[in-house]
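Undergrad: This is the structure I want to talk about, given as structure tokens.
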Amino acid sequence: MKRLLIPAIMLLFLPVILFARDYTVVSFSTENAGKIDFNHPVHLKALGSNCTICHNTLFAIGKKAAPVTMKEMEQGKSCGSCHNSQRAFALTQCTRCHVTKEVPVDIPNFGAVIFSHSFHLGLGAYGCEDCHNALFRARTDNPNVTMKEMEKGISCGACHDGKTAFSVKGDCTKCHKVRDIPYAADATFSHDYHLGLGAYSCNDCHGKLFVAGPASRRYTMQEMETQQSCGGCHNGNTAFSVKGDCGKCHKNVAEVTFDKSDAFFSHKVHTKILECGSCHSGIFIGGAASKRFTMADMEKGHSCGVCHEDKTVFGARGNCEKCHVKTRDVPFKTDVAGTVAFSHGIHKQLYGCGDCHNGIFSAGAARKKFTMADMAKGKSCGACHDGKSAFSVTAAASCGTCHPLRDVVMAYDARFPHVKHLEAQSCGDCHNDLFLPGSGNKRWTMAQMEKGNSCGACHDGKNAFTVQGECGKCHKSTVEVALSVPQTGVTRFSHTFHTGLHACNDCHNAIFGAGASAKRHPMADMEKGESCGACHDGKGAFSVKENCTKCHPVKEISFKESGARFSHTFHLNAYGCTDCHDALFKPAAENRRGTMAEMEQGKSCGACHDGKSAFGVAEHCEKCHPVTKGVKYEVPTANGSVLFSHKSHSAKGYGCIDCHSKIVLAGAGRRSYTMKEMEQGKSCGACHGFSMAFSVKDPNNCDKCHQRQLY
């Protein structure tokens, strides 16, 4: 009796165990007061874990509760049933449920002002209802209210009227945080300093002289001199003038560097002898409107050239190093001969800057590029490099002096050494007749070189060794060639092995065209003596026809769907490649998989595996299918998926042919059967319908195949 009682008690509690949920915090979105969190654990602790106090009396399980207003709660609905200041805290204690936060109020043309709930509620004099919803709706889309409107008692102005609380009219900094404002040229405007004078308030400047916030704009010194912006006060009467007292605002003027030309302007040096107004704003406009001038402009009296004209002070034309504190090598990127570097260091040992600048070369933005043809006419470098003053730019032997020479690496590890060739030839011997330097140069095939093109113009066996026979003089190494053959995968040709037996010209270019002229040959061509077949004919070397595996790697083939494996290694012990390829199998991506039914008719593997030449495909399945696996059938209903186990059936003594191909078709011919068809003896029902095994008709047996999930 006791044994039956315990399971009976467990059954009574089973629904509770199955359907219990871990309730935590539920969030409710309100229209006017943001998100409110309801905490189940807190309430369950207070109510002795009794859910039925609220469910289903106040809240129906499984149904979405209709929104309830605060007014309805005050009448005892929803949360108000308990939160009435008797059973639990009153609804008037807003912050117990509604989370308050610091609210940023975005003010057009000024930025954000932070309203602090914590501060106002912490005063102890005000509750939420003092402001909500009479003055402010508890939501994010409250309309913006101007200062003028607040001064009339709207919004914050209802309290901040100078009586109840400080006035919105005069105490700006209590809400609006002020800061020092940095400007260009090391100028800083200090709110603290100006307000600390005690003579000015915020509205003396805002919004008469300045529009605050994102819409504010910067004023030039010229505009300030016309009483705008800071110039409204700083006019020499009310306060010092913006016109002459620069240092009062611009505390630390920076030294100005011109990165492109390595030039340097020192404010410190100039302000010792000149006032700021001597240059600003007549000669130089500072800040964003500032303009850069070329040396040619300065020589005409603009910019620094107003003073630096060789009378007042040293001239802009001939005293470069006084402003340009250093020089650097200048790279010139040419279209045809790489990057040429001009060295100031070398030339300054012989010449002064004025010898070249600005007569021969215009520096900076006015700089111009010159071609070699221009230089040959005396322009640019050619003004000195004419063969008299210095080496000639047109002399072929001089090219390497400016243009860097390098070994040119080409395909198949071929190298052209410039330095070695210049021992006997000059640049002009090859450029530009045979080779066009730069990106427009053309690559030539060995066959074209043998006809006198490119390197073949000299390397003809008379002037220099021939391109036809002495490959190793240019090609420093050979590479192993991987040939991607669609039918048999990657086939590798080893230069290392073959060059141990033959010279390069035994094959190139008579049998094989190298590089761009290389051509792929099929096996049929090779059997006729072309390509590899020229040697591999069974006389000079092994035949291409009968020795497939010497070049083509063979591998074990796995048939993933059926778990079958084909072993090349095993079969090659008894057969040659041509016994199967291409008559039975085309070794390519488009090769077709044969079904077991087709094999039984003599196709594919069945051509040999017919029970005479070799074991039949209809039996001895395990010889090819060494591994069987479970087959999963996804059932499109709530009955759950079905997993068929080969292992459990073979353990009961059944062989593959007991089911395949009589009852169940394997592979591509397989199809799913309905329960009705199985009940008529098809598929699994051939056994699972009679006394051989449990019946598919008996509903008590469903769970033996259908793996259903319990919820």
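We label chains A, B, ... in the order they appear in the structure tokens, count residues from 1 in each chain, and number ligands from 1 in the order shown.
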Where in region 425-561 of chain A does DSSP assign helix (DSSP H, G or I), given as an MDAnalysis selection string?

TA: chainID A and resid 427:430 446:450 454:457 471:473 495:499 504:506 515:517 523:527 531:534 548:550

Undergrad: Selection from above, C-alpha atoms, as a compact mmCIF listing (two decimals), in the first residue's frame, can you write it?

TA:
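That gives us part.txt:
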# COMPACT_ATOMS: atom_id res chain seq x y z
CA CYS A 427 71.00 53.13 -70.96
CA GLY A 428 70.40 54.57 -74.42
CA ASP A 429 71.39 51.28 -76.07
CA CYS A 430 68.13 49.73 -74.84
CA MET A 446 60.85 33.43 -75.47
CA ALA A 447 59.61 32.69 -78.99
CA GLN A 448 59.49 36.43 -79.75
CA MET A 449 62.99 36.91 -78.31
CA GLU A 450 64.30 34.17 -80.58
CA SER A 454 63.46 42.46 -76.67
CA CYS A 455 66.55 40.75 -75.11
CA GLY A 456 66.93 38.76 -78.34
CA ALA A 457 68.18 41.88 -80.15
CA CYS A 471 68.31 29.41 -69.85
CA GLY A 472 70.20 29.21 -66.55
CA LYS A 473 72.01 32.51 -67.19
CA HIS A 495 61.78 20.75 -63.05
CA THR A 496 64.28 19.63 -60.40
CA PHE A 497 63.95 15.98 -61.37
CA HIS A 498 64.02 16.59 -65.14
CA THR A 499 66.93 19.08 -65.14
CA CYS A 504 66.34 23.19 -70.59
CA ASN A 505 66.42 23.48 -74.39
CA ASP A 506 65.71 19.78 -74.79
CA GLY A 515 55.19 31.67 -70.14
CA ALA A 516 52.29 33.21 -72.04
CA SER A 517 52.82 30.89 -75.02
CA MET A 523 46.26 12.85 -73.01
CA ALA A 524 45.16 12.05 -76.59
CA ASP A 525 47.77 14.53 -77.93
CA MET A 526 50.47 13.10 -75.65
CA GLU A 527 49.75 9.57 -76.93
CA SER A 531 54.02 17.55 -75.15
CA CYS A 532 55.22 15.02 -72.51
CA GLY A 533 54.56 12.25 -75.05
CA ALA A 534 57.61 13.33 -77.09
CA CYS A 548 48.97 7.05 -65.04
CA THR A 549 49.86 6.98 -61.35
CA LYS A 550 53.43 8.16 -61.95

Undergrad: For Cys279 (chain A), which of A:Cys624, A:Ala138, A:Cys246, A:Ala686 is the closest residue, counting only C-alpha atoms?

TA: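 Among the listed residues, A:Cys246 lies closest to Cys279 (chain A).
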
Undergrad: I'd like the contact shell of Asn144 (chain A) - 10 Å cut-off, only C-alpha atoms, skipping same-chain residues fewer than 6 positions apart - returned as a PDB file with all heavy atoms, in the first residue's frame.

TA:
ATOM      1  N   VAL A 105      17.361  68.958 -20.917  1.00  0.00           N
ATOM      2  CA  VAL A 105      16.401  69.752 -21.692  1.00  0.00           C
ATOM      3  C   VAL A 105      17.183  70.429 -22.806  1.00  0.00           C
ATOM      4  O   VAL A 105      18.042  71.282 -22.544  1.00  0.00           O
ATOM      5  CB  VAL A 105      15.693  70.791 -20.792  1.00  0.00           C
ATOM      6  CG1 VAL A 105      14.659  71.569 -21.599  1.00  0.00           C
ATOM      7  CG2 VAL A 105      15.052  70.102 -19.596  1.00  0.00           C
ATOM      8  N   ASP A 106      16.906  70.037 -24.028  1.00  0.00           N
ATOM      9  CA  ASP A 106      17.646  70.564 -25.172  1.00  0.00           C
ATOM     10  C   ASP A 106      17.059  71.913 -25.573  1.00  0.00           C
ATOM     11  O   ASP A 106      15.888  72.011 -25.951  1.00  0.00           O
ATOM     12  CB  ASP A 106      17.561  69.577 -26.346  1.00  0.00           C
ATOM     13  CG  ASP A 106      18.547  69.918 -27.437  1.00  0.00           C
ATOM     14  OD1 ASP A 106      19.577  70.524 -27.120  1.00  0.00           O
ATOM     15  OD2 ASP A 106      18.283  69.590 -28.613  1.00  0.00           O
ATOM     16  N   ILE A 107      17.883  72.952 -25.476  1.00  0.00           N
ATOM     17  CA  ILE A 107      17.411  74.309 -25.750  1.00  0.00           C
ATOM     18  C   ILE A 107      17.977  74.773 -27.091  1.00  0.00           C
ATOM     19  O   ILE A 107      19.199  74.772 -27.274  1.00  0.00           O
ATOM     20  CB  ILE A 107      17.849  75.279 -24.640  1.00  0.00           C
ATOM     21  CG1 ILE A 107      17.273  74.788 -23.302  1.00  0.00           C
ATOM     22  CG2 ILE A 107      17.395  76.694 -24.934  1.00  0.00           C
ATOM     23  CD1 ILE A 107      17.776  75.552 -22.121  1.00  0.00           C
ATOM     24  N   PRO A 108      17.108  75.144 -28.028  1.00  0.00           N
ATOM     25  CA  PRO A 108      17.604  75.620 -29.327  1.00  0.00           C
ATOM     26  C   PRO A 108      18.564  76.794 -29.153  1.00  0.00           C
ATOM     27  O   PRO A 108      18.330  77.685 -28.339  1.00  0.00           O
ATOM     28  CB  PRO A 108      16.327  76.050 -30.063  1.00  0.00           C
ATOM     29  CG  PRO A 108      15.224  75.296 -29.386  1.00  0.00           C
ATOM     30  CD  PRO A 108      15.637  75.159 -27.953  1.00  0.00           C
ATOM     31  N   SER A 155       5.956  76.927 -17.226  1.00  0.00           N
ATOM     32  CA  SER A 155       7.003  75.922 -17.021  1.00  0.00           C
ATOM     33  C   SER A 155       7.766  76.207 -15.714  1.00  0.00           C
ATOM     34  O   SER A 155       7.140  76.460 -14.684  1.00  0.00           O
ATOM     35  CB  SER A 155       7.936  75.903 -18.246  1.00  0.00           C
ATOM     36  OG  SER A 155       8.929  74.918 -18.107  1.00  0.00           O
TER      37      SER A 155
END

Undergrad: Excluding same-chain residues fewer than 4 positions from Lys555 (chain A), what lies within 10 Å of it counting only C-alpha atoms, as a ChimeraX atom specification?

TA: /A:566-569

Undergrad: Can you pull out every residue within 10 Å of Ala158 (chain A), counting only C-alpha atoms, but drop anything in the same chain fewer than 4 positions away, and send it as a list in words?

TA: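 Here the qualifying residues turn out to be Cys131, Leu135, Met150, Glu151, Lys152, Gly153, Ile154, Thr164, Ala165, Ser167 and Val168 of chain A.
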
Undergrad: Identify, on the basis of only C-alpha atoms, every residue whose closest approach to Lys248 (chain A) does not exceed 10 Å; exclude the query and any residue fewer than 5 positions from it along the same chain; express the result as a PDB file with N, CA, C and O atoms, in the first residue's frame.

TA:
ATOM      1  N   ALA A 187      43.321  82.382 -28.312  1.00  0.00           N
ATOM      2  CA  ALA A 187      42.454  83.325 -27.610  1.00  0.00           C
ATOM      3  C   ALA A 187      41.420  82.535 -26.822  1.00  0.00           C
ATOM      4  O   ALA A 187      40.905  81.527 -27.295  1.00  0.00           O
ATOM      5  N   THR A 188      41.119  82.996 -25.593  1.00  0.00           N
ATOM      6  CA  THR A 188      40.143  82.316 -24.740  1.00  0.00           C
ATOM      7  C   THR A 188      39.212  83.355 -24.135  1.00  0.00           C
ATOM      8  O   THR A 188      39.658  84.391 -23.615  1.00  0.00           O
ATOM      9  N   PHE A 240      39.224  98.012 -23.030  1.00  0.00           N
ATOM     10  CA  PHE A 240      40.353  98.144 -23.964  1.00  0.00           C
ATOM     11  C   PHE A 240      39.913  97.765 -25.386  1.00  0.00           C
ATOM     12  O   PHE A 240      39.008  96.973 -25.591  1.00  0.00           O
ATOM     13  N   SER A 241      40.599  98.330 -26.356  1.00  0.00           N
ATOM     14  CA  SER A 241      40.203  98.154 -27.753  1.00  0.00           C
ATOM     15  C   SER A 241      40.698  96.832 -28.335  1.00  0.00           C
ATOM     16  O   SER A 241      41.795  96.376 -28.014  1.00  0.00           O
ATOM     17  N   VAL A 242      39.855  96.240 -29.186  1.00  0.00           N
ATOM     18  CA  VAL A 242      40.274  95.017 -29.890  1.00  0.00           C
ATOM     19  C   VAL A 242      41.331  95.330 -30.939  1.00  0.00           C
ATOM     20  O   VAL A 242      41.997  94.420 -31.448  1.00  0.00           O
TER      21      VAL A 242
END
